[in-house]
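Data first, discussion second: the structure below is written as structure tokens.
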Amino acid sequence: MSPATFQPINENTKHSKLAYILLSITGGTAVTISLLAAPFLSPAFRKICLPYVPATSTQMSNVMKALRNRSGKLVDLGSGDGRIVRLATAHGFEAVGVELNIWLILYSRFSSFTNGLSSSAKFYRKNIWSFDLKPYSNVILFGAENMMDVMEKKLATELSNGSVVITCRFPLPNFKAVEIIGEGQDTVWKYVFRTDAQT
């Protein structure tokens, strides 16, 4: 019987396979991170940016103070993770959230489901600029400073007489608030819209 023959291992082949595996893992990780991050980073490339910054518990409390004695349909423009919509729904509002970020929409729907609010809290993946505000008598907006003057025009065009708008972090530049609640980043401004004139 002849002795067994062993083939020498080609070190170059071994190293190239290892490099291919590492490159595949690194590339796959980079693509996955990019796909997950894209919905969060893409607002920075829009003309008017509406970044996702979660509402604090104090802001939420101030919003509900501004909504006292109110009822009916409510829309949260740029609803983020849906916490304002869930809170408003729990207080008897027929509330909907409007958000472009698909991951935040999915999280909002899941959180509403786990909190037993999925039948009453609704979330739409839509652009806030094309979303029709006419059916809503209560509007919540966590906006950016550079969008407030443009938003004023949309609100004035679409809202009916007596509708309430609550802005967080930044006021509307040309309309007079009927109430200001809180201070610093937790400040909210309450406006009652009149179709005749704004001062």
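Naming scheme: A, B, ... for chains in displayed order of the structure tokens; residues 1 onward per chain; ligands 1 onward as shown.
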
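For Lys190 of chain A, the set of protein, DNA and RNA residues having any atom at most 7 Å away, when counting only C-alpha atoms and skipping those fewer than 6 positions along the same chain, is Ala66, Val164, Val165, Ile166, Thr167, Ala177, Val178, Glu179 and Ile180 of chain A.
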
Extract, using only C-alpha atoms, all DNA, RNA and protein residues at most 10 Å from segment 130-147 of chain A, discarding same-chain residues fewer than 4 positions from it, and format them as a ChimeraX atom specification.
/A:47-55,63,67,70-80,84-85,93-98,124-126,151-152,154-155,157-173,188-193

From a DSSP pass on the backbone, collect the residues of segment 58-190 of chain A flagged as strand (DSSP E) and hand them back as a ChimeraX atom specification.
/A:73-77,94-99,122-125,138-142,164-168,179-181,188-190

Next, dump the selected residues to file, keeping only C-alpha atoms, as a compact mmCIF listing (two decimals), in the first residue's frame.
# COMPACT_ATOMS: atom_id res chain seq x y z
CA LYS A 73 -60.88 65.02 14.94
CA LEU A 74 -57.20 65.65 15.57
CA VAL A 75 -54.17 65.36 13.29
CA ASP A 76 -50.53 65.32 14.36
CA LEU A 77 -48.35 66.53 11.46
CA GLU A 94 -60.38 60.76 16.91
CA ALA A 95 -56.67 61.11 16.21
CA VAL A 96 -54.44 60.42 13.22
CA GLY A 97 -50.72 60.82 12.65
CA VAL A 98 -49.06 61.86 9.40
CA GLU A 99 -45.44 60.83 8.93
CA LYS A 122 -54.54 55.83 12.77
CA PHE A 123 -51.23 56.55 11.06
CA TYR A 124 -50.68 57.53 7.44
CA ARG A 125 -47.43 57.58 5.52
CA ASN A 138 -57.44 70.19 15.98
CA VAL A 139 -53.92 70.28 14.52
CA ILE A 140 -50.68 69.49 16.36
CA LEU A 141 -47.36 70.43 14.80
CA PHE A 142 -43.84 69.72 16.03
CA VAL A 164 -57.28 75.01 17.01
CA VAL A 165 -53.61 74.71 16.07
CA ILE A 166 -50.97 73.83 18.63
CA THR A 167 -47.33 74.26 17.67
CA CYS A 168 -44.42 72.88 19.67
CA GLU A 179 -52.26 80.87 24.93
CA ILE A 180 -48.61 80.00 25.56
CA ILE A 181 -47.92 77.07 27.87
CA VAL A 188 -46.42 75.12 23.13
CA TRP A 189 -48.39 77.85 21.37
CA LYS A 190 -52.16 77.61 20.94

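Closest approach to Asn101 of chain A from the set A:Asp81, A:Ala156, A:Ser57, A:Leu117 is made by A:Asp81, with distances taken over only C-alpha atoms.
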
Suppose you want the space between atom CA of Ala90 of chain A and atom CA of Ile128 of chain A; what is it in Å?
23.4 Å

Assign secondary structure with DSSP using the backbone only, and return the residues of segment 150-185 of chain A in alpha helix (DSSP H) as a list of chain:residue names.
A:Val150, A:Met151, A:Glu152, A:Lys153, A:Lys154, A:Leu155, A:Ala156, A:Thr157, A:Glu158

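Straight-line separation from atom CA of Ala88 of chain A to atom CA of Met64 of chain A: 7.6 Å.
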
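Minimum distance to Ala121 of chain A across A:Gln59, A:Lys153, A:Ser108, A:Lys65 (counting only C-alpha atoms) occurs at A:Ser108.
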
Do you know which residues are at most 7 Å from Arg109 of chain A counting only C-alpha atoms, after dropping those on the same chain fewer than 3 positions away, and could you put them as a ChimeraX atom specification?
/A:105-106,112-113,118,123

Produce a file of the selected residues containing N, CA, C and O atoms, as a short mmCIF file (atom, residue, chain, number, x, y, z; two decimals), in the first residue's frame.
data_model
loop_
_atom_site.label_atom_id
_atom_site.label_comp_id
_atom_site.auth_asym_id
_atom_site.auth_seq_id
_atom_site.Cartn_x
_atom_site.Cartn_y
_atom_site.Cartn_z
N ILE A 105 -43.70 54.98 11.19
CA ILE A 105 -45.10 54.58 10.98
C ILE A 105 -45.32 53.16 11.49
O ILE A 105 -46.30 52.88 12.20
N LEU A 106 -44.42 52.26 11.12
CA LEU A 106 -44.56 50.87 11.57
C LEU A 106 -44.48 50.76 13.09
O LEU A 106 -45.25 50.03 13.71
N SER A 112 -49.42 51.20 19.00
CA SER A 112 -50.87 51.39 19.20
C SER A 112 -51.56 50.05 19.39
O SER A 112 -52.46 49.91 20.22
N PHE A 113 -51.12 49.07 18.62
CA PHE A 113 -51.69 47.72 18.75
C PHE A 113 -51.43 47.14 20.13
O PHE A 113 -52.34 46.60 20.78
N SER A 118 -55.21 50.34 18.45
CA SER A 118 -55.08 50.22 16.99
C SER A 118 -56.37 50.50 16.24
O SER A 118 -56.36 50.89 15.08
N PHE A 123 -52.47 55.94 11.52
CA PHE A 123 -51.23 56.55 11.06
C PHE A 123 -51.12 56.40 9.55
O PHE A 123 -51.34 55.32 9.01
#

Please, what distance in Å, to one decimal, runs between atom CA of Tyr107 of chain A and atom CA of Gly82 of chain A?
8.0 Å
